[in-house]
Each structure stands twice: as C-alpha cells, then as structure tokens.
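The file start_16.json comes next; it holds JSON, C-alpha atoms.
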```
[["chain", "number", "residue", "atom", "x", "y", "z"],
["A", 276, "ASN", "CA", 0.00, 0.00, 0.00],
["A", 277, "GLU", "CA", 0.95, 3.69, -0.12],
["A", 278, "MET", "CA", 2.17, 3.74, 3.51],
["A", 279, "THR", "CA", 4.43, 0.74, 2.92],
["A", 280, "ASP", "CA", 5.75, 2.27, -0.29],
["A", 281, "ARG", "CA", 6.61, 5.51, 1.50],
["A", 282, "ARG", "CA", 8.38, 3.67, 4.31],
["A", 283, "GLY", "CA", 10.35, 1.64, 1.81],
["A", 284, "GLU", "CA", 11.24, 4.79, -0.10],
["A", 285, "ASN", "CA", 12.43, 6.54, 3.09],
["A", 286, "SER", "CA", 14.51, 3.50, 4.07],
["A", 287, "SER", "CA", 16.13, 3.42, 0.64],
["A", 288, "MET", "CA", 16.82, 7.15, 0.88],
["A", 289, "ARG", "CA", 18.63, 6.69, 4.20],
["A", 290, "ASP", "CA", 20.72, 3.85, 2.83],
["A", 291, "ALA", "CA", 21.62, 5.86, -0.27],
["A", 292, "MET", "CA", 22.48, 9.08, 1.57],
["A", 293, "VAL", "CA", 24.79, 7.60, 4.22],
["A", 294, "PRO", "CA", 27.60, 5.47, 2.80],
["A", 295, "PRO", "CA", 28.75, 2.52, 4.93],
["A", 296, "GLY", "CA", 31.50, 3.40, 7.38],
["A", 297, "SER", "CA", 30.58, 7.09, 7.51],
["A", 298, "PRO", "CA", 31.84, 8.73, 10.71],
["A", 299, "PRO", "CA", 29.34, 9.87, 13.35],
["A", 300, "ALA", "CA", 28.47, 13.53, 13.70],
["A", 301, "VAL", "CA", 29.43, 15.16, 17.00],
["A", 302, "ILE", "CA", 26.81, 17.53, 18.42],
["A", 303, "LEU", "CA", 28.45, 19.99, 20.81],
["A", 304, "GLY", "CA", 25.98, 21.09, 23.48],
["A", 305, "PHE", "CA", 23.48, 18.27, 23.77],
["A", 306, "GLU", "CA", 20.36, 19.86, 25.22],
["A", 307, "LEU", "CA", 16.98, 20.39, 23.52],
["A", 308, "ASN", "CA", 18.52, 22.08, 20.48],
["A", 309, "GLY", "CA", 21.04, 19.27, 20.21],
["A", 310, "LEU", "CA", 18.27, 16.70, 20.45],
["A", 311, "GLY", "CA", 16.50, 18.36, 17.52],
["A", 312, "VAL", "CA", 19.70, 18.12, 15.46],
["A", 313, "ALA", "CA", 20.15, 14.45, 16.38],
["A", 314, "ARG", "CA", 16.58, 13.61, 15.40],
["A", 315, "ALA", "CA", 16.97, 15.35, 12.05],
["A", 316, "LEU", "CA", 20.21, 13.51, 11.30],
["A", 317, "ASN", "CA", 18.81, 10.20, 12.52],
["A", 318, "ARG", "CA", 16.07, 10.37, 9.88],
["A", 319, "HIS", "CA", 18.85, 10.18, 7.30],
["A", 320, "GLY", "CA", 20.69, 7.37, 9.05],
["A", 321, "VAL", "CA", 23.47, 9.54, 10.47],
["A", 322, "LYS", "CA", 24.90, 8.27, 13.74],
["A", 323, "CYS", "CA", 25.51, 10.96, 16.36],
["A", 324, "ILE", "CA", 27.57, 11.57, 19.49],
["A", 325, "GLY", "CA", 26.18, 14.28, 21.76],
["A", 326, "LEU", "CA", 28.69, 16.08, 23.99],
["A", 327, "SER", "CA", 26.97, 17.54, 27.03],
["A", 328, "GLU", "CA", 27.69, 19.27, 30.31],
["A", 329, "PRO", "CA", 27.70, 17.03, 33.42],
["A", 330, "LEU", "CA", 24.27, 17.96, 34.79],
["A", 331, "PRO", "CA", 21.53, 15.53, 33.64],
["A", 332, "ASN", "CA", 19.20, 16.81, 30.94],
["A", 333, "PRO", "CA", 15.87, 15.37, 29.67],
["A", 334, "ALA", "CA", 17.34, 15.42, 26.15],
["A", 335, "TRP", "CA", 19.60, 12.53, 27.11],
["A", 336, "LYS", "CA", 16.63, 10.14, 27.07],
["A", 337, "THR", "CA", 16.90, 9.41, 23.36],
["A", 338, "ASN", "CA", 17.89, 6.55, 21.12],
["A", 339, "THR", "CA", 19.00, 8.89, 18.33],
["A", 340, "CYS", "CA", 22.36, 9.68, 19.89],
["A", 341, "LYS", "CA", 25.12, 8.41, 22.16],
["A", 342, "VAL", "CA", 25.51, 11.03, 24.91],
["A", 343, "VAL", "CA", 28.97, 11.75, 26.33],
["A", 344, "THR", "CA", 29.46, 14.15, 29.25],
["A", 345, "CYS", "CA", 32.30, 16.46, 30.23],
["A", 346, "ALA", "CA", 33.63, 16.62, 33.77],
["A", 347, "GLU", "CA", 32.78, 20.34, 33.61],
["A", 348, "TRP", "CA", 31.45, 22.71, 30.98],
["A", 349, "SER", "CA", 34.59, 24.76, 30.43],
["A", 350, "ARG", "CA", 36.76, 25.55, 27.42],
["A", 351, "HIS", "CA", 39.58, 23.27, 28.54],
["A", 352, "ALA", "CA", 37.36, 20.32, 29.45],
["A", 353, "VAL", "CA", 35.27, 20.52, 26.28],
["A", 354, "LEU", "CA", 38.24, 20.79, 23.93],
["A", 355, "GLU", "CA", 39.98, 17.93, 25.73],
["A", 356, "LYS", "CA", 36.89, 15.71, 25.39],
["A", 357, "LEU", "CA", 36.49, 16.64, 21.70],
["A", 358, "VAL", "CA", 40.04, 15.51, 20.98],
["A", 359, "GLU", "CA", 39.48, 12.33, 22.98],
["A", 360, "ILE", "CA", 36.34, 11.49, 20.96],
["A", 361, "ALA", "CA", 38.07, 12.22, 17.66],
["A", 362, "ARG", "CA", 41.12, 10.08, 18.42],
["A", 363, "ALA", "CA", 38.83, 7.03, 18.65],
["A", 364, "HIS", "CA", 37.95, 7.41, 14.93],
["A", 365, "ALA", "CA", 40.12, 7.05, 11.87],
["A", 366, "ARG", "CA", 38.42, 9.84, 9.91],
["A", 367, "LYS", "CA", 37.55, 13.45, 10.63],
["A", 368, "LEU", "CA", 34.17, 13.88, 12.29],
["A", 369, "PRO", "CA", 31.49, 16.44, 11.38],
["A", 370, "LEU", "CA", 31.10, 18.91, 14.26],
["A", 371, "LEU", "CA", 27.77, 20.70, 14.86],
["A", 372, "ILE", "CA", 27.59, 23.39, 17.55],
["A", 373, "THR", "CA", 24.38, 24.35, 19.35],
["A", 374, "LYS", "CA", 25.49, 26.84, 22.04],
["A", 375, "ASP", "CA", 26.99, 30.33, 21.69],
["A", 376, "VAL", "CA", 29.78, 29.79, 24.19],
["A", 377, "SER", "CA", 30.80, 26.59, 22.40],
["A", 378, "VAL", "CA", 30.99, 28.47, 19.10],
["A", 379, "GLN", "CA", 33.51, 30.80, 20.73],
["A", 380, "TRP", "CA", 35.60, 27.92, 22.09],
["A", 381, "VAL", "CA", 35.70, 26.11, 18.76],
["A", 382, "SER", "CA", 36.46, 29.32, 16.88],
["A", 383, "ASP", "CA", 39.36, 30.13, 19.20],
["A", 384, "ALA", "CA", 40.76, 26.58, 18.88],
["A", 385, "ARG", "CA", 39.97, 26.08, 15.19],
["A", 386, "ASP", "CA", 43.57, 25.34, 14.18],
["A", 387, "GLU", "CA", 43.88, 22.61, 16.81],
["A", 388, "LEU", "CA", 40.48, 21.07, 16.05],
["A", 389, "ALA", "CA", 40.83, 21.21, 12.25],
["A", 390, "GLU", "CA", 43.05, 18.11, 12.45],
["A", 391, "PHE", "CA", 40.12, 16.10, 13.86],
["A", 392, "TYR", "CA", 36.87, 17.75, 12.75],
["A", 393, "GLU", "CA", 35.02, 19.16, 9.78],
["A", 394, "PHE", "CA", 33.16, 22.34, 10.71],
["A", 395, "ALA", "CA", 32.06, 25.53, 8.99],
["A", 396, "LEU", "CA", 32.75, 28.86, 10.69],
["A", 397, "PRO", "CA", 33.47, 32.35, 9.39],
["A", 398, "GLU", "CA", 36.84, 33.91, 10.16],
["A", 399, "LYS", "CA", 37.54, 34.44, 13.84],
["A", 400, "ALA", "CA", 37.05, 38.21, 13.65],
["A", 401, "VAL", "CA", 33.55, 37.69, 12.22],
["A", 402, "VAL", "CA", 32.63, 35.11, 14.88],
["A", 403, "ASP", "CA", 33.84, 37.46, 17.62],
["A", 404, "ALA", "CA", 31.73, 40.29, 16.23],
["A", 405, "LEU", "CA", 28.62, 38.15, 15.89],
["A", 406, "LEU", "CA", 28.82, 36.76, 19.43],
["A", 407, "ASP", "CA", 29.46, 40.10, 21.13],
["A", 408, "LYS", "CA", 26.30, 42.25, 21.06],
["A", 409, "ALA", "CA", 28.17, 45.51, 21.63],
["A", 410, "ALA", "CA", 30.75, 44.69, 18.95],
["A", 411, "PHE", "CA", 27.97, 43.69, 16.55],
["A", 412, "ALA", "CA", 26.18, 46.99, 17.18],
["A", 413, "GLN", "CA", 29.38, 48.87, 16.36],
["A", 414, "LEU", "CA", 29.93, 46.76, 13.25],
["A", 415, "SER", "CA", 26.34, 47.37, 12.15],
["A", 416, "ALA", "CA", 26.78, 51.13, 12.52],
["A", 417, "GLU", "CA", 29.97, 51.01, 10.44],
["A", 418, "GLU", "CA", 28.27, 48.90, 7.74],
["A", 419, "GLY", "CA", 25.06, 50.94, 7.73],
["A", 420, "TRP", "CA", 22.85, 48.05, 8.85],
["A", 421, "PRO", "CA", 19.60, 49.12, 10.54],
["A", 422, "ILE", "CA", 19.51, 47.84, 14.14],
["A", 423, "PRO", "CA", 18.01, 49.13, 17.41],
["A", 424, "ARG", "CA", 19.92, 51.90, 19.16],
["A", 425, "THR", "CA", 22.40, 50.23, 21.49],
["A", 426, "TRP", "CA", 24.39, 51.30, 24.55],
["A", 427, "LYS", "CA", 27.30, 49.33, 26.04],
["A", 428, "ILE", "CA", 26.97, 49.41, 29.84],
["A", 429, "GLN", "CA", 29.93, 48.37, 32.01],
["A", 430, "SER", "CA", 29.10, 50.23, 35.22],
["A", 431, "LYS", "CA", 26.16, 51.81, 36.99],
["A", 432, "GLN", "CA", 27.67, 55.22, 36.32],
["A", 433, "GLU", "CA", 27.58, 54.53, 32.58],
["A", 434, "LEU", "CA", 23.95, 53.48, 32.89],
["A", 435, "LEU", "CA", 22.97, 56.64, 34.76],
["A", 436, "SER", "CA", 24.81, 58.81, 32.23],
["A", 437, "VAL", "CA", 22.65, 57.56, 29.32],
["A", 438, "LEU", "CA", 19.26, 57.33, 31.07],
["A", 439, "GLU", "CA", 17.94, 60.50, 29.45],
["A", 440, "GLU", "CA", 18.75, 59.12, 25.98],
["A", 441, "VAL", "CA", 17.08, 55.74, 26.45],
["A", 442, "PRO", "CA", 13.55, 55.30, 25.02],
["A", 443, "PHE", "CA", 11.14, 53.04, 26.89],
["A", 444, "PRO", "CA", 10.38, 50.23, 26.76],
["A", 445, "CYS", "CA", 13.96, 48.99, 26.35],
["A", 446, "ILE", "CA", 15.87, 45.71, 26.61],
["A", 447, "LEU", "CA", 18.72, 44.89, 29.00],
["A", 448, "LYS", "CA", 20.82, 41.76, 28.32],
["A", 449, "PRO", "CA", 24.38, 40.46, 28.70],
["A", 450, "GLU", "CA", 26.94, 41.53, 26.11],
["A", 451, "THR", "CA", 27.87, 37.90, 25.41],
["A", 452, "HIS", "CA", 26.39, 34.56, 26.43],
["A", 453, "LEU", "CA", 27.57, 33.66, 29.94],
["A", 454, "ASP", "CA", 26.82, 30.40, 31.74],
["A", 455, "LEU", "CA", 26.68, 32.14, 35.14],
["A", 456, "PHE", "CA", 24.09, 34.62, 33.87],
["A", 457, "ALA", "CA", 22.05, 31.83, 32.27],
["A", 458, "GLN", "CA", 22.12, 29.81, 35.51],
["A", 459, "ARG", "CA", 21.20, 32.66, 37.86],
["A", 460, "SER", "CA", 19.03, 35.02, 35.85],
["A", 461, "PRO", "CA", 15.27, 34.42, 35.62],
["A", 462, "ARG", "CA", 15.39, 35.63, 31.98],
["A", 463, "LYS", "CA", 17.81, 35.77, 29.07],
["A", 464, "ALA", "CA", 16.88, 39.45, 28.55],
["A", 465, "PHE", "CA", 14.67, 41.97, 30.36],
["A", 466, "LYS", "CA", 12.04, 44.22, 28.81],
["A", 467, "LEU", "CA", 11.81, 47.34, 31.00],
["A", 468, "SER", "CA", 9.13, 50.01, 31.02],
["A", 469, "ASP", "CA", 10.73, 52.94, 32.90],
["A", 470, "ALA", "CA", 13.98, 54.26, 34.37],
["A", 471, "ASP", "CA", 13.32, 53.01, 37.91],
["A", 472, "GLU", "CA", 12.70, 49.46, 36.68],
["A", 473, "LEU", "CA", 15.82, 49.65, 34.50],
["A", 474, "VAL", "CA", 18.06, 50.70, 37.40],
["A", 475, "ARG", "CA", 16.65, 48.02, 39.71],
["A", 476, "THR", "CA", 17.09, 45.33, 37.07],
["A", 477, "TYR", "CA", 20.63, 46.51, 36.33],
["A", 478, "ASP", "CA", 21.53, 46.17, 40.01],
["A", 479, "MET", "CA", 20.33, 42.56, 39.91],
["A", 480, "ALA", "CA", 21.96, 41.64, 36.59],
["A", 481, "ALA", "CA", 25.28, 43.27, 37.51],
["A", 482, "GLN", "CA", 25.73, 40.58, 40.16],
["A", 483, "TRP", "CA", 26.33, 38.07, 37.36],
["A", 484, "THR", "CA", 28.16, 40.16, 34.76],
["A", 485, "SER", "CA", 29.62, 43.64, 34.48],
["A", 486, "ARG", "CA", 29.21, 43.67, 30.69],
["A", 487, "LEU", "CA", 25.64, 44.48, 29.70],
["A", 488, "VAL", "CA", 23.95, 45.91, 26.63],
["A", 489, "LEU", "CA", 20.95, 48.22, 26.55],
["A", 490, "GLN", "CA", 18.82, 48.38, 23.39],
["A", 491, "GLU", "CA", 15.68, 50.17, 22.33],
["A", 492, "TRP", "CA", 12.59, 48.01, 21.98],
["A", 493, "ILE", "CA", 11.29, 47.59, 18.42],
["A", 494, "ARG", "CA", 7.51, 47.30, 18.57],
["A", 495, "GLY", "CA", 5.60, 44.67, 16.62],
["A", 496, "GLY", "CA", 5.20, 40.92, 16.32],
["A", 497, "ASP", "CA", 7.08, 38.33, 14.33],
["A", 498, "ASP", "CA", 5.51, 39.72, 11.16],
["A", 499, "ARG", "CA", 7.68, 42.82, 11.61],
["A", 500, "ILE", "CA", 10.95, 40.87, 11.48],
["A", 501, "ALA", "CA", 12.93, 41.52, 8.31],
["A", 502, "ALA", "CA", 16.21, 40.19, 6.96],
["A", 503, "ALA", "CA", 18.50, 41.95, 4.53],
["A", 504, "ALA", "CA", 21.80, 41.09, 2.85],
["A", 505, "ARG", "CA", 24.33, 43.32, 1.19],
["A", 506, "ARG", "CA", 27.91, 43.23, 0.03],
["A", 507, "SER", "CA", 30.27, 43.74, 2.92],
["A", 508, "ARG", "CA", 33.94, 44.35, 3.40],
["A", 509, "LEU", "CA", 33.90, 41.48, 5.92],
["A", 510, "PRO", "CA", 34.63, 37.91, 4.72],
["A", 511, "MET", "CA", 31.69, 35.78, 5.84]]
```
Please rewrite the model in this file as structure tokens.
Amino acid sequence: NEMTDRRGENSSMRDAMVPPGSPPAVILGFELNGLGVARALNRHGVKCIGLSEPLPNPAWKTNTCKVVTCAEWSRHAVLEKLVEIARAHARKLPLLITKDVSVQWVSDARDELAEFYEFALPEKAVVDALLDKAAFAQLSAEEGWPIPRTWKIQSKQELLSVLEEVPFPCILKPETHLDLFAQRSPRKAFKLSDADELVRTYDMAAQWTSRLVLQEWIRGGDDRIAAAARRSRLPM
C-alpha cells in the first residue's frame, strides 16, 4: 500500500544518503537544540555523538544519539573531550555546535580542532563580532545596517549617564552569552518600562556580569521581522 511504499522509499533514501562506514556527527551542546539536530540527522541514518555538560538533561533520554558528558562545561574540558572522541575514529568527524559559548571555544581553537573535525565557521574576527552584542552593534553602525539603538553598559555610572537618551520600553541583556548569567538570571533578557525598573534590574543583573547591553525596543510581532543582505567588506 501507499504507507508501505513511503516507508520503503524513506529506508532506501537513508541507505543511499549515508555510505557505509561514515563517521558519526558530533553535536556539541546536547540539550533540547542538540536533540533536535540528532533527530533530524537520525532520519537520514546519520549516527551521532552528543557532547553535554555534566548535569543531567531530559534530552539525554533518546535513542538517536550516544551522549557523552564532560567533567565540567569549560573551554579546557570541552576541547579535551572533543580531541578524545576524535582520536577514537580514523576519519575526521562532522562537528555541529548548538550553544553560543561553544561556538567561541571552537572558533578560538579552530587550528587545533581542524586536524580532527570538519566544521564551517566564518573567520575568527567575524565570529567574535557576531557573538558580542556591543561589537555587533558597532559593526552594524559602520556597515550601515539598521539595528536598534544600542548602549554598552559596564558600570552603573555609565547606565545613569545615558538614562535620558534611552527610550522606553527597552531591553537589558548580557553583552555575550555567559553560563553564570544563564544559571542565575530568571530571563535571558529583560524588557523594561521605565527608568526606575531599569536601574533596579541593572543592580540585579550586575551581580552576574559587568558587561551588559541596553537596546531600544522595536515594537511589533514576528511579522515585523525583516532580513537583509548586502555586500560587505567582511569575509563571511
């Protein structure tokens, strides 16, 4: 019947797309996003190894991936474990990254990891600019890209000095992804309606990072999101 034909077709597709002996893909940061990647690859017969931090995660309960944990989620421990995984295989492994901080670690160690892994990243300067919200805002201004007005805040004095310029509502968030902020903060970013709320929220967030970014709030729903591309002096 039609159902059987479709299943047979999908099975043949998997066999055809993944040659025998193909190396497994390594998913760096195996949480819910990593699980989604593993499921997508599994549909095409790709074996996966998920590298995760030591704390248990519901995503581990899957038969689409072999989960390996690090002793700690730090640059040194993750890179060491990546090399250990790669040395157990004769061929380079595809590396897929699902967390911002891991992108930074792999980008910084790209020369070391290139011996063991296949991965696609822009040049380091581009990665650094994309991961740092303040640096990206500066880059956008230089390139003429339209983005919300942005202020780099590294002290309460800096915050107070720009209060009169800030339109409300506004957004306060860390300059870069930080595990400590993610663990302690109730939100990834804060939408604030007035100056008093902004100052109070800054006092709380500054406990976890001294590098924050303040941005104007762009009103509208998802239908107001737009993407644009143009020629740039930056190699992407």
Worksheet entry | Cut-off 7 Å around (10.4, 53.6, 20.2) with all atoms listed in the file: residues as a list in words | Pro442, Phe443, Glu491, Trp492 and Ile493 of chain A
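Among the candidates A:Glu359, A:Asp383, A:Asp497, A:Glu393, the residue lying nearest to Leu371 (chain A) is A:Glu393 (atoms considered: only C-alpha atoms).
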Which centre and which edge lengths, in Å to one decimal, describe the axis-aligned box that holds all listed atoms of region 450-455 of chain A after 6 Å is added on each side, as JSON?
```
{"center_x": 27.1, "center_y": 36.0, "center_z": 30.3, "size_x": 13.5, "size_y": 23.1, "size_z": 21.7}
```
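Counting all atoms listed in the file, the residue from A:Leu455, A:Leu303, A:Cys323, A:Leu489 that sits nearest to Gln429 (chain A) is A:Leu489.
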Worksheet item: Which one of A:Ala352, A:Trp420, A:Leu307, A:Ile360 sits closest to Ala334 (chain A) if you count only C-alpha atoms?
Response: A:Leu307
